[in-house]
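Peer 1: mmCIF, C-alpha atoms, file work.cif:
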data_work
#
loop_
_atom_site.label_atom_id
_atom_site.label_comp_id
_atom_site.auth_asym_id
_atom_site.auth_seq_id
_atom_site.Cartn_x
_atom_site.Cartn_y
_atom_site.Cartn_z
CA MET F 15 -66.96 -0.62 -61.18
CA SER F 16 -63.42 0.29 -62.23
CA PHE F 17 -61.36 3.44 -61.71
CA ALA F 18 -62.64 5.71 -64.52
CA PRO F 19 -66.42 5.53 -63.93
CA ARG F 20 -65.90 5.82 -60.18
CA PHE F 21 -63.61 8.81 -60.76
CA ARG F 22 -66.45 10.49 -62.70
CA GLN F 23 -68.88 9.60 -59.91
CA GLY F 24 -66.49 11.23 -57.42
CA MET F 25 -66.21 14.33 -59.61
CA LYS F 26 -69.98 14.74 -59.63
CA ALA F 27 -70.12 14.33 -55.86
CA ALA F 28 -67.43 17.02 -55.49
CA ILE F 29 -69.31 19.79 -57.32
CA PRO F 30 -70.62 21.47 -54.12
CA ILE F 31 -67.04 21.40 -52.78
CA TRP F 32 -65.74 23.15 -55.91
CA ILE F 33 -68.37 25.87 -55.48
CA ALA F 34 -67.35 26.28 -51.84
CA PHE F 35 -63.63 26.27 -52.66
CA VAL F 36 -63.83 29.12 -55.20
CA PRO F 37 -64.47 31.97 -52.73
CA SER F 38 -62.25 30.45 -50.00
CA SER F 39 -59.28 29.96 -52.32
CA ILE F 40 -59.66 33.40 -53.87
CA ALA F 41 -59.87 34.86 -50.35
CA TRP F 42 -56.68 33.01 -49.44
CA GLY F 43 -54.90 34.38 -52.54
CA ILE F 44 -56.00 37.93 -51.70
CA ALA F 45 -55.05 37.64 -48.00
CA ALA F 46 -51.65 36.12 -48.77
CA GLN F 47 -50.89 38.82 -51.33
CA ALA F 48 -51.93 41.49 -48.85
CA HIS F 49 -49.46 40.01 -46.34
CA GLY F 50 -46.65 40.27 -48.84
CA LEU F 51 -46.24 36.68 -50.02
CA THR F 52 -45.08 36.25 -53.61
CA ILE F 53 -47.18 34.47 -56.23
CA GLY F 54 -44.71 31.55 -56.11
CA GLU F 55 -45.02 31.20 -52.32
CA ILE F 56 -48.82 31.50 -52.46
CA VAL F 57 -49.27 28.84 -55.13
CA LEU F 58 -46.63 26.58 -53.57
CA MET F 59 -48.44 26.77 -50.25
CA SER F 60 -51.83 25.96 -51.79
CA ALA F 61 -50.46 23.10 -53.86
CA TRP F 62 -47.99 21.61 -51.39
CA VAL F 63 -49.60 22.27 -47.98
CA TYR F 64 -53.20 22.18 -49.37
CA SER F 65 -54.95 22.93 -46.11
CA GLY F 66 -57.09 26.06 -45.88
CA PRO F 67 -57.17 26.33 -42.06
CA ALA F 68 -53.41 25.70 -41.75
CA GLN F 69 -52.61 28.16 -44.56
CA PHE F 70 -54.63 30.90 -42.87
CA ALA F 71 -53.24 30.00 -39.42
CA VAL F 72 -49.59 30.36 -40.46
CA LEU F 73 -50.05 33.34 -42.78
CA VAL F 74 -49.41 36.07 -40.21
CA PRO F 75 -46.45 34.41 -38.41
CA LEU F 76 -44.95 33.47 -41.78
CA ALA F 77 -45.37 36.95 -43.25
CA GLU F 78 -44.13 38.70 -40.10
CA GLY F 79 -41.02 36.53 -39.91
CA LYS F 80 -41.95 34.92 -36.57
CA SER F 81 -39.84 31.97 -35.41
CA ALA F 82 -39.84 28.81 -37.49
CA ALA F 83 -41.13 26.87 -34.46
CA THR F 84 -44.23 29.13 -34.22
CA VAL F 85 -45.06 28.64 -37.90
CA LEU F 86 -44.42 24.90 -37.92
CA ILE F 87 -46.24 24.12 -34.66
CA ALA F 88 -49.29 26.18 -35.72
CA GLY F 89 -49.39 24.38 -39.08
CA LEU F 90 -48.82 20.96 -37.56
CA LEU F 91 -51.59 21.40 -35.00
CA MET F 92 -54.06 22.50 -37.67
CA ASN F 93 -53.08 19.54 -39.84
CA LEU F 94 -53.35 16.93 -37.09
CA ARG F 95 -56.95 16.40 -38.13
CA PHE F 96 -55.70 14.58 -41.25
CA LEU F 97 -54.40 11.72 -39.13
CA PRO F 98 -57.76 10.28 -37.99
CA MET F 99 -59.37 11.13 -41.35
CA SER F 100 -56.71 9.32 -43.34
CA THR F 101 -56.77 6.40 -40.89
CA ALA F 102 -60.56 6.10 -41.22
CA LEU F 103 -60.26 5.95 -45.03
CA ALA F 104 -57.44 3.37 -45.05
CA PRO F 105 -59.57 0.19 -44.69
CA PHE F 106 -61.37 1.01 -47.93
CA PHE F 107 -58.19 0.90 -50.03
CA ARG F 108 -57.12 -2.66 -49.23
CA GLY F 109 -54.97 -4.03 -52.05
CA VAL F 110 -54.04 -0.70 -53.62
CA LYS F 111 -50.29 -0.38 -54.28
CA ARG F 112 -48.27 1.99 -52.12
CA MET F 113 -47.24 4.49 -54.79
CA PRO F 114 -50.82 5.37 -55.89
CA LEU F 115 -51.73 5.59 -52.19
CA LEU F 116 -48.83 7.91 -51.43
CA ILE F 117 -49.71 10.21 -54.34
CA SER F 118 -53.45 10.23 -53.70
CA SER F 119 -53.04 10.81 -49.96
CA HIS F 120 -51.85 14.32 -50.76
CA VAL F 121 -55.44 15.33 -51.54
CA VAL F 122 -56.87 14.19 -48.18
CA SER F 123 -58.74 17.16 -46.75
CA ALA F 124 -61.88 17.59 -44.64
CA SER F 125 -63.98 17.72 -47.83
CA SER F 126 -62.27 14.91 -49.69
CA PHE F 127 -62.53 12.80 -46.55
CA ILE F 128 -66.17 13.19 -45.66
CA VAL F 129 -67.73 12.72 -49.12
CA PRO F 130 -65.95 9.42 -49.97
CA TYR F 131 -66.10 8.16 -46.38
CA LEU F 132 -69.88 8.46 -46.22
CA GLN F 133 -70.19 6.94 -49.71
CA PHE F 134 -68.01 3.94 -48.74
CA GLN F 135 -69.92 3.45 -45.49
CA LYS F 136 -73.19 3.44 -47.40
CA GLU F 137 -71.84 0.93 -49.92
CA ARG F 138 -70.46 -1.30 -47.15
CA GLU F 139 -73.82 -1.30 -45.39
CA ALA F 140 -75.60 -2.06 -48.68
CA SER F 141 -73.31 -5.05 -49.21
CA ALA F 142 -74.11 -6.27 -45.67
CA GLY F 143 -70.62 -5.70 -44.30
CA LEU F 144 -68.83 -7.56 -47.08
CA SER F 145 -65.78 -5.68 -48.26
CA VAL F 146 -66.17 -3.99 -51.63
CA ALA F 147 -64.04 -6.02 -54.02
CA ASP F 148 -63.01 -3.26 -56.43
CA VAL F 149 -60.64 -1.23 -54.30
CA TYR F 150 -59.32 0.72 -57.28
CA GLY F 151 -62.93 1.81 -57.79
CA ASN F 152 -62.87 3.21 -54.25
CA LEU F 153 -59.58 4.95 -54.99
CA GLY F 154 -61.12 6.32 -58.21
CA PHE F 155 -64.03 7.82 -56.30
CA PHE F 156 -61.69 9.32 -53.70
CA VAL F 157 -59.36 10.80 -56.34
CA GLY F 158 -62.38 12.09 -58.30
CA VAL F 159 -63.41 14.09 -55.26
CA GLY F 160 -59.93 14.99 -54.01
CA ALA F 161 -57.94 15.77 -57.14
CA THR F 162 -60.63 17.93 -58.72
CA SER F 163 -61.20 19.87 -55.49
CA PHE F 164 -57.43 20.31 -55.20
CA THR F 165 -57.28 21.72 -58.75
CA VAL F 166 -60.06 24.18 -57.98
CA TRP F 167 -58.26 25.23 -54.78
CA VAL F 168 -54.94 25.91 -56.52
CA ALA F 169 -56.58 27.65 -59.51
CA GLY F 170 -58.69 29.80 -57.17
CA THR F 171 -55.59 30.80 -55.22
CA THR F 172 -53.89 31.93 -58.41
CA ALA F 173 -56.98 33.90 -59.41
CA GLY F 174 -57.16 35.46 -55.95
CA TYR F 175 -53.64 36.83 -56.31
CA GLY F 176 -54.76 39.11 -59.12
CA VAL F 177 -58.44 39.59 -58.51
CA ALA F 178 -60.05 41.32 -55.55
CA LEU F 179 -63.38 39.97 -54.41
CA GLY F 180 -66.14 42.11 -55.86
CA PHE F 181 -69.05 40.42 -54.18
CA PRO F 182 -71.50 42.59 -52.26
CA PRO F 183 -71.21 41.96 -48.48
CA GLY F 184 -74.39 39.89 -48.22
CA PHE F 185 -73.34 37.61 -51.06
CA GLU F 186 -69.99 37.04 -49.44
CA GLU F 187 -71.85 35.98 -46.31
CA ALA F 188 -73.77 33.35 -48.30
CA LEU F 189 -70.58 32.04 -49.91
CA LYS F 190 -69.03 31.65 -46.49
CA PHE F 191 -71.94 29.41 -45.54
CA ILE F 192 -71.54 26.90 -48.41
CA LEU F 193 -68.85 24.63 -46.99
CA PRO F 194 -69.99 24.43 -43.34
CA GLY F 195 -73.61 24.12 -44.52
CA TYR F 196 -72.69 21.29 -46.87
CA PHE F 197 -70.64 19.48 -44.20
CA ALA F 198 -73.50 19.78 -41.70
CA GLY F 199 -76.01 18.51 -44.27
CA LEU F 200 -73.79 15.54 -45.15
CA LEU F 201 -73.24 14.57 -41.53
CA VAL F 202 -76.84 14.86 -40.44
CA SER F 203 -78.31 13.04 -43.43
CA GLU F 204 -76.19 9.98 -42.57
CA MET F 205 -76.58 9.96 -38.80
CA LYS F 206 -77.98 7.06 -36.85
CA GLY F 207 -78.42 6.55 -33.11
CA TRP F 208 -77.78 9.12 -30.40
CA THR F 209 -74.06 9.11 -29.71
CA MET F 210 -73.00 10.75 -32.96
CA PRO F 211 -75.53 13.64 -32.87
CA LEU F 212 -74.57 14.35 -29.25
CA ILE F 213 -70.86 14.35 -30.06
CA CYS F 214 -71.45 16.63 -33.05
CA LEU F 215 -73.62 19.07 -31.09
CA ALA F 216 -71.14 19.19 -28.20
CA SER F 217 -68.24 19.74 -30.64
CA VAL F 218 -70.03 22.61 -32.39
CA ILE F 219 -70.71 24.33 -29.07
CA ALA F 220 -67.37 23.62 -27.38
CA ALA F 221 -65.32 24.73 -30.40
CA ILE F 222 -66.14 28.38 -29.62
CA PRO F 223 -64.66 28.57 -26.09
CA GLY F 224 -61.86 26.33 -27.34
CA ALA F 225 -61.03 28.73 -30.17
CA LEU F 226 -61.35 31.73 -27.85
CA LEU F 227 -58.82 30.16 -25.47
CA ASN F 228 -56.45 29.30 -28.28
CA PRO F 229 -57.35 30.23 -31.87
CA GLY F 230 -54.77 27.80 -33.28
CA TRP F 231 -55.58 24.48 -31.66
CA GLY F 232 -58.21 25.09 -28.94
CA TRP F 233 -61.08 23.80 -31.09
CA LEU F 234 -59.04 20.75 -32.14
CA ALA F 235 -58.43 19.87 -28.51
CA THR F 236 -62.09 20.28 -27.50
CA ALA F 237 -63.26 18.19 -30.49
CA ALA F 238 -60.82 15.39 -29.67
CA ALA F 239 -61.75 15.47 -25.97
CA ILE F 240 -65.48 15.29 -26.75
CA ALA F 241 -65.04 12.41 -29.21
CA ILE F 242 -63.01 10.42 -26.67
CA LEU F 243 -65.48 11.22 -23.89
CA GLY F 244 -68.47 10.16 -26.03
CA TRP F 245 -66.71 6.98 -27.09
CA SER F 246 -65.75 6.09 -23.50
CA LEU F 247 -69.28 6.80 -22.24
CA GLU F 248 -70.79 4.63 -24.95
CA LYS F 249 -68.41 1.79 -24.07
CA TRP F 250 -69.18 2.15 -20.37
CA LEU F 251 -72.97 2.21 -20.95
CA SER F 252 -72.83 -0.84 -23.20
CA ARG F 253 -71.00 -2.77 -20.45
CA ALA F 254 -73.36 -1.64 -17.67
CA MET V 15 -31.24 28.07 -37.45
CA ALA V 16 -33.07 30.49 -39.73
CA PHE V 17 -35.29 29.23 -42.51
CA THR V 18 -36.47 31.09 -45.59
CA ARG V 19 -40.23 31.29 -46.22
CA ILE V 20 -39.97 28.77 -49.05
CA GLU V 21 -38.14 26.32 -46.78
CA LEU V 22 -40.80 26.74 -44.08
CA ILE V 23 -43.57 26.14 -46.62
CA PHE V 24 -41.74 23.04 -47.82
CA ILE V 25 -41.42 21.65 -44.26
CA LEU V 26 -45.08 22.48 -43.55
CA GLY V 27 -46.17 20.62 -46.68
CA LEU V 28 -43.96 17.68 -45.83
CA SER V 29 -45.46 17.39 -42.35
CA ALA V 30 -48.97 17.60 -43.83
CA LEU V 31 -48.11 14.88 -46.35
CA LEU V 32 -46.73 12.64 -43.59
CA LEU V 33 -49.91 13.03 -41.54
CA ARG V 34 -51.98 12.20 -44.61
CA ALA V 35 -49.85 9.41 -46.01
CA LEU V 36 -48.68 7.40 -42.99
CA PRO V 37 -52.08 5.84 -42.22
CA GLN V 38 -52.65 5.19 -45.92
CA LEU V 39 -49.30 3.44 -46.28
CA PHE V 40 -49.21 1.45 -43.08
CA LEU V 41 -52.83 0.88 -42.08
CA VAL V 42 -54.34 0.32 -45.52
CA GLY V 43 -56.78 -2.57 -45.69
CA LYS V 44 -56.59 -3.13 -41.94
CA ASN V 45 -60.01 -3.63 -40.44
CA PHE V 46 -59.95 -2.15 -36.98
CA PRO V 47 -61.96 -3.67 -34.15
CA ASP V 48 -65.45 -2.21 -34.07
CA THR V 49 -64.70 -0.12 -30.98
CA TRP V 50 -61.62 1.53 -32.60
CA ASP V 51 -63.56 2.04 -35.81
CA ARG V 52 -66.13 3.94 -33.76
CA LEU V 53 -63.49 6.05 -32.04
CA LEU V 54 -61.99 7.03 -35.41
CA ARG V 55 -65.42 7.91 -36.75
CA TYR V 56 -66.25 9.99 -33.68
CA LEU V 57 -62.91 11.78 -33.82
CA SER V 58 -63.30 12.64 -37.51
CA TYR V 59 -66.88 13.81 -37.12
CA ALA V 60 -66.08 15.84 -34.00
CA LEU V 61 -63.23 17.58 -35.83
CA LEU V 62 -65.52 18.37 -38.76
CA CYS V 63 -68.14 19.79 -36.42
CA GLY V 64 -65.49 21.91 -34.72
CA LEU V 65 -64.42 23.14 -38.13
CA ILE V 66 -68.05 23.98 -39.03
CA SER V 67 -68.36 25.95 -35.82
CA ILE V 68 -65.19 28.04 -36.15
CA THR V 69 -65.83 28.70 -39.87
CA LEU V 70 -69.31 29.99 -39.14
CA PHE V 71 -68.94 31.73 -35.82
CA MET V 72 -65.34 32.87 -35.49
CA SER V 73 -63.31 35.46 -37.29
CA GLY V 74 -59.70 34.82 -36.30
CA ALA V 75 -59.63 34.93 -32.51
CA ARG V 76 -62.93 36.86 -32.29
CA PHE V 77 -66.46 35.48 -31.85
CA GLU V 78 -68.76 37.09 -34.43
CA THR V 79 -71.40 38.22 -31.94
CA GLN V 80 -73.63 40.05 -34.45
CA ALA V 81 -73.75 37.44 -37.19
CA ALA V 82 -73.68 34.33 -35.01
CA PRO V 83 -77.42 34.12 -34.17
CA TYR V 84 -78.40 34.44 -37.86
CA ARG V 85 -75.84 31.90 -38.98
CA GLY V 86 -76.89 29.62 -36.12
CA VAL V 87 -80.51 29.74 -37.30
CA ALA V 88 -79.43 29.06 -40.89
CA LEU V 89 -77.33 26.11 -39.70
CA ALA V 90 -80.25 24.71 -37.69
CA VAL V 91 -82.57 25.02 -40.71
CA THR V 92 -79.92 23.38 -42.95
CA ILE V 93 -79.66 20.47 -40.53
CA ALA V 94 -83.45 20.07 -40.28
CA ILE V 95 -83.93 20.15 -44.07
CA ALA V 96 -80.99 17.81 -44.75
CA TYR V 97 -82.30 15.38 -42.13
CA LYS V 98 -85.84 15.46 -43.49
CA THR V 99 -84.93 15.25 -47.19
CA LYS V 100 -81.72 13.16 -46.73
CA SER V 101 -80.13 15.63 -49.14
CA ALA V 102 -77.13 17.68 -48.02
CA VAL V 103 -77.27 19.90 -51.10
CA THR V 104 -80.93 20.81 -50.56
CA GLY V 105 -80.20 21.68 -46.94
CA MET V 106 -77.14 23.72 -47.89
CA LEU V 107 -79.00 25.67 -50.60
CA ILE V 108 -81.88 26.56 -48.31
CA GLY V 109 -79.45 27.54 -45.54
CA MET V 110 -77.52 29.68 -47.99
CA MET V 111 -80.68 31.46 -49.12
CA LEU V 112 -81.58 32.11 -45.48
CA VAL V 113 -78.14 33.59 -44.82
CA LEU V 114 -78.59 35.85 -47.86
CA ILE V 115 -82.03 36.97 -46.67
CA PHE V 116 -80.71 37.64 -43.16
CA ALA V 117 -77.79 39.63 -44.58
CA TRP V 118 -80.13 41.82 -46.64
CA VAL V 119 -82.64 42.31 -43.80
CA ARG V 120 -79.96 43.23 -41.23
#
Produce structure tokens that represent the structure in this file.
Peer 2:
Amino acid sequence: MSFAPRFRQGMKAAIPIWIAFVPSSIAWGIAAQAHGLTIGEIVLMSAWVYSGPAQFAVLVPLAEGKSAATVLIAGLLMNLRFLPMSTALAPFFRGVKRMPLLISSHVVSASSFIVPYLQFQKEREASAGLSVADVYGNLGFFVGVGATSFTVWVAGTTAGYGVALGFPPGFEEALKFILPGYFAGLLVSEMKGWTMPLICLASVIAAIPGALLNPGWGWLATAAAIAILGWSLEKWLSRA
Amino acid sequence: MAFTRIELIFILGLSALLLRALPQLFLVGKNFPDTWDRLLRYLSYALLCGLISITLFMSGARFETQAAPYRGVALAVTIAIAYKTKSAVTGMLIGMMLVLIFAWVR
């Protein structure tokens, strides 16, 4: 399948992400405006940084004029998660030219990673480990998910600048659940074996003390430590 | 050296783009050994699970003590339904409805 049909397939797969992005991006627009950022800064941040957790993490230090190092280190730590995500996606784009890769990599996010990654894994397993020949099809699917979600994020941010959230409190609570609920559903519906569920469960639990110790990067550190520990244990058990 | 807010946002975006683009540019098409492939998968999934946890249970630096048990139950139901039906959307919708019900009952 070539780029265009796979792009449409990616778009369809991204619909739950769009729904989840609407309240989050509007909330970001409202919060950033309340902290005194201009519309230009708010939209630039959504379009150029494009990372909800990092945007929220640097909002207060940025608005309060804290040191550049504080802002940049907080943002960098929150964005470190893109490194393994982007690395895990890379094998599926063999043969794609560098310029399309450079442009499309801008829309790598947690959402635009997990949906294509699981799809590619499924397709690789269905083709019995043979590499999928149409790499531009893979890129199309990824861009279909990533670029459309990115557009929703930036548009929602702009809307949030002018519009206050009018949802009743309970409804807001349900909207907050969409993205984590969708991620959890995606992960669990594709899980096999015991290592992955254990790593996921441990990461969910350990993220809380991690975030309490350091709201910026504590949960990132605990997640990385648990993944490495699980991986090492699995290697050790397979050798024993 | 003092930076303006726009300059800081620009540097932040540039660092994010580097983290996203470097693997795509230099590791594209490389098939990692199975063991490294597993480590990458575990790292990505663990980070996503950490993100799920802090989105649901934390508000800034504070643990949401009151809402956490309800959200935890909704998450558990979402996982059970998604596992049983192999449909993430079904699980998410049922979990969302549960959260709504809990919010109204509380």
Peer 1: On this file, the PyMOL selection byres ((chain V) within 6 of (chain F)) gives some set of residues; write that set as a ChimeraX atom specification.
Peer 2: /V:27,31,33-35,37-38,42-45,53-54,56-58,60-61,63-64,66-67,75,93,96-97,100,102,105-106,110,113-114,117
Peer 1: Please, what distance in Å, to one decimal, runs between CA of Ile29 in chain F and CA of Ile68 in chain V?
Peer 2: 23.1 Å
Peer 1: Extending 6 Å beyond the listed atoms of range 53-56 of chain V on each side, what axis-aligned box results? I want centre and edge lengths in Å to one decimal, as JSON.
Peer 2:
{"center_x": -64.1, "center_y": 8.0, "center_z": -34.4, "size_x": 16.3, "size_y": 15.9, "size_z": 16.7}
Peer 1: Tell me, in Å to one decimal, how far CA of Gly154 in chain F is from CA of Gln23 in chain F.
Peer 2: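 That distance, rounded to one decimal, is 8.6 Å.
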Peer 1: Take the PyMOL selection byres ((chain F and resi 168) around 8), run it mentally on this structure, and tell me the resulting residues as a list in words.
Peer 2: Ser39, Val57, Ser60, Ala61, Phe164, Thr165, Val166, Trp167, Ala169, Gly170, Thr171 and Thr172 of chain F
Peer 1: One decimal, Å: what's the distance from CA of Asp51 in chain V over to CA of Arg20 in chain F, could you say?
Peer 2: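 Pair CA of Asp51 in chain V / CA of Arg20 in chain F returns 24.8 Å.
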Peer 1: Tell me which of F:Ser252, F:Asn152, F:Ser163, F:Thr84 sits closest to Gln135 in chain F, counting all atoms listed in the file.
Peer 2: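 Once distances to Gln135 in chain F are computed over all atoms listed in the file, the minimum belongs to F:Asn152.
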Peer 1: I'd like the neighbourhood of Pro83 in chain V as a PyMOL selection string, where a residue qualifies if any of its atoms comes within 12 Å (using all atoms listed in the file), though same-chain residues fewer than 6 positions away should be ignored.
Peer 2: chain V and resi 70-71+77+89-90+113+116-117+120
